Amino acid sequence: MMNTFNFKRYAIAALLPAGISLLSFSSQAMSLSTYRIYLDDDNRSASFVMYNKKVVKEECELTLVHKSWSENGTMTDLAEDVIPETSAEPWIRFSPKNFVANERVTQTVRFTLRRKANMEPAEYRSYLKVFCDAVEEELPSSNSANGKTAKITVKPRLVQHVPIVVRIGKLDVQLAFSNFKIDGNTVHFDISRQGNRSVYGKIELVDKSSNEVISSKKNISIYTDSTQVSYDMNRKDVPVNQLAVRFVEDKNYGGTLTLQQDFTVN
């Protein structure tokens with residue numbers, strides 16, 4: 001027999017569009033169905049689902065913010081009044097921007113790409129700041145005068161940030177692995193990026209003799225600000241001469257690049 005917890009999870013999944021599953025953020029009252037939003041000339045609309053996991057209402061506010069990345073992939077938050085030239089804000093519309101989610105319900109947030117003529121090929125990026133605060137129904141307060149009501153709020157939830165990437169026109173990117181090093185069972189290497197677009201996907205450490213994936217890192221982003229980023233992975237006692245490193249772009253977010261290179265200690 002399906003227990004109550006599993007039944008609720010099944011019922012929630014039935015409400016969502018096909019192919020979308022809610023991500024788990026244990027510290028969050030609101031779950032999001034995506035890690036990122038991607039728009040281009042061929043994909044001019046996108047959406048994701050938010051689900052209120054709690055038994056109290058959530059009042060949510062969605063705004064755009066920006067971050068910069070150093071050449072080696074270090075992120076810095078920009079002030080909210082700073083709008084860089086690479087901002088996706090002029091290129092997108094999204095709604096709703098404010099809403100109240102009732103207990104155990106979903107809310108779809110939709111994005112569309114604005115149409116502009118004769119624009120130079122380029123990539124733009126912003127971050128959707130998702131802030132939700134739990135609220136309770138206004139109830140009569142025994143301590144209030146004249147029967148006035150009092151609103152009770154609880155401590156705000158943590159803020160979530162969802163990258164929004166917009167690509168206009170035909171863009172190109174090249175990747176290369178370099179600076180291979182080994183420290184026991186840990187291998188180190190760099191990924192160099194050139195071109196006018198970012199990449200998003202996964203890194204795999206592969207046993208060439210069997211094509212077995214020994215270890216992997218998912219949700220890897222290398223943005224246009226960065227030219228060389230360092231990574232390390234566990235080789236699990238596989239001999240170094242059998243190792244290869246592979247980067248595979250996620251086809252759901254505008255990339256088809258796959259690069260594999262033998263691990264060669266410098």
# chains A, B, ... in the order shown; residues from 1 in each chain; ligands from 1
>>> closest_atom_pairs(of="segment 151-265 of chain A", to="segment 118-121 of chain A", cutoff="8 Å", atoms="only C-alpha atoms", output="CSV")
residue,atom,partner,partner_atom,distance
A:Arg167,CA,A:Pro121,CA,7.5
A:Ile168,CA,A:Pro121,CA,5.0
A:Gly169,CA,A:Pro121,CA,4.3
A:Lys170,CA,A:Pro121,CA,6.1
A:Leu171,CA,A:Pro121,CA,6.6
>>> residues_around(residues="segment 122-134 of chain A", least_positions_apart="2", cutoff="6 Å", atoms="only C-alpha atoms", output="count of residues only")
27
>>> closest_residue(among="A:Lys202, A:Lys236, A:Arg93, A:Arg36", to="Thr112 of chain A", atoms="only C-alpha atoms")
A:Arg93
>>> select_by_dssp(residues="segment 9-240 of chain A", states="helix (DSSP H, G or I)", output="list in words")
Arg9, Tyr10, Ala11, Ile12, Ala13, Ala14, Leu15, Glu89, Pro90, Trp91, Ala145, Asn146, Gly147 and Val240 of chain A
>>> select_by_dssp(residues="segment 46-131 of chain A", states="strand (DSSP E)", output="number ranges by chain")
A: 46-52, 57-65, 67-69, 75-77, 92-95, 98-101, 106-113, 122-131
>>> residues_around(residues="Gln107 of chain A", least_positions_apart="4", cutoff="10 Å", atoms="only C-alpha atoms", output="number ranges by chain")
A: 16, 30, 32, 48-52, 96, 99-102
>>> closest_residue(among="A:Ser33, A:Ser47, A:Asn211, A:Thr224", to="Gln242 of chain A", atoms="only C-alpha atoms")
A:Asn211
>>> residues_around(residues="segment 181-191 of chain A", least_positions_apart="6", cutoff="7 Å", atoms="only C-alpha atoms", output="list in words")
Leu175, Gln228, Val229, Ser230, Tyr231, Asp232, Met233, Asn234, Arg235, Lys236, Asp237, Val265 and Asn266 of chain A
>>> write_last_selection(atoms="C-alpha atoms", output="PDB file, in the first residue's frame")
ATOM      1  CA  LEU A 175      37.580  24.140 -25.152  1.00  0.00           C
ATOM      2  CA  GLN A 228      40.672  29.045 -17.732  1.00  0.00           C
ATOM      3  CA  VAL A 229      39.132  27.180 -14.791  1.00  0.00           C
ATOM      4  CA  SER A 230      40.754  24.508 -12.584  1.00  0.00           C
ATOM      5  CA  TYR A 231      39.130  21.246 -11.467  1.00  0.00           C
ATOM      6  CA  ASP A 232      40.089  18.118  -9.532  1.00  0.00           C
ATOM      7  CA  MET A 233      38.579  14.616  -9.543  1.00  0.00           C
ATOM      8  CA  ASN A 234      39.107  11.209  -7.902  1.00  0.00           C
ATOM      9  CA  ARG A 235      40.689   8.551 -10.136  1.00  0.00           C
ATOM     10  CA  LYS A 236      39.911   5.647  -7.719  1.00  0.00           C
ATOM     11  CA  ASP A 237      43.205   3.803  -8.269  1.00  0.00           C
ATOM     12  CA  VAL A 265      50.946  14.280 -16.717  1.00  0.00           C
ATOM     13  CA  ASN A 266      53.093  17.296 -17.530  1.00  0.00           C
TER      14      ASN A 266
END
>>> residues_around(residues="Gln194 of chain A", least_positions_apart="5", cutoff="7 Å", atoms="only C-alpha atoms", output="list in words")
Val173, Gln174, Leu175 and Thr227 of chain A
>>> closest_residue(among="A:Ala29, A:Ala46, A:Ala79, A:Val135", to="Val105 of chain A", atoms="only C-alpha atoms")
A:Ala29
>>> closest_residue(among="A:Trp91, A:Tyr38, A:Leu78, A:Trp69", to="Lys116 of chain A", atoms="only C-alpha atoms")
A:Trp91
>>> closest_residue(among="A:Gly201, A:Tyr253, A:Arg104, A:Lys208", to="Lys54 of chain A", atoms="only C-alpha atoms")
A:Arg104
>>> atom_distance(atom1="atom CA of Ile37 of chain A", atom2="atom CA of Ala117 of chain A")
22.4 Å
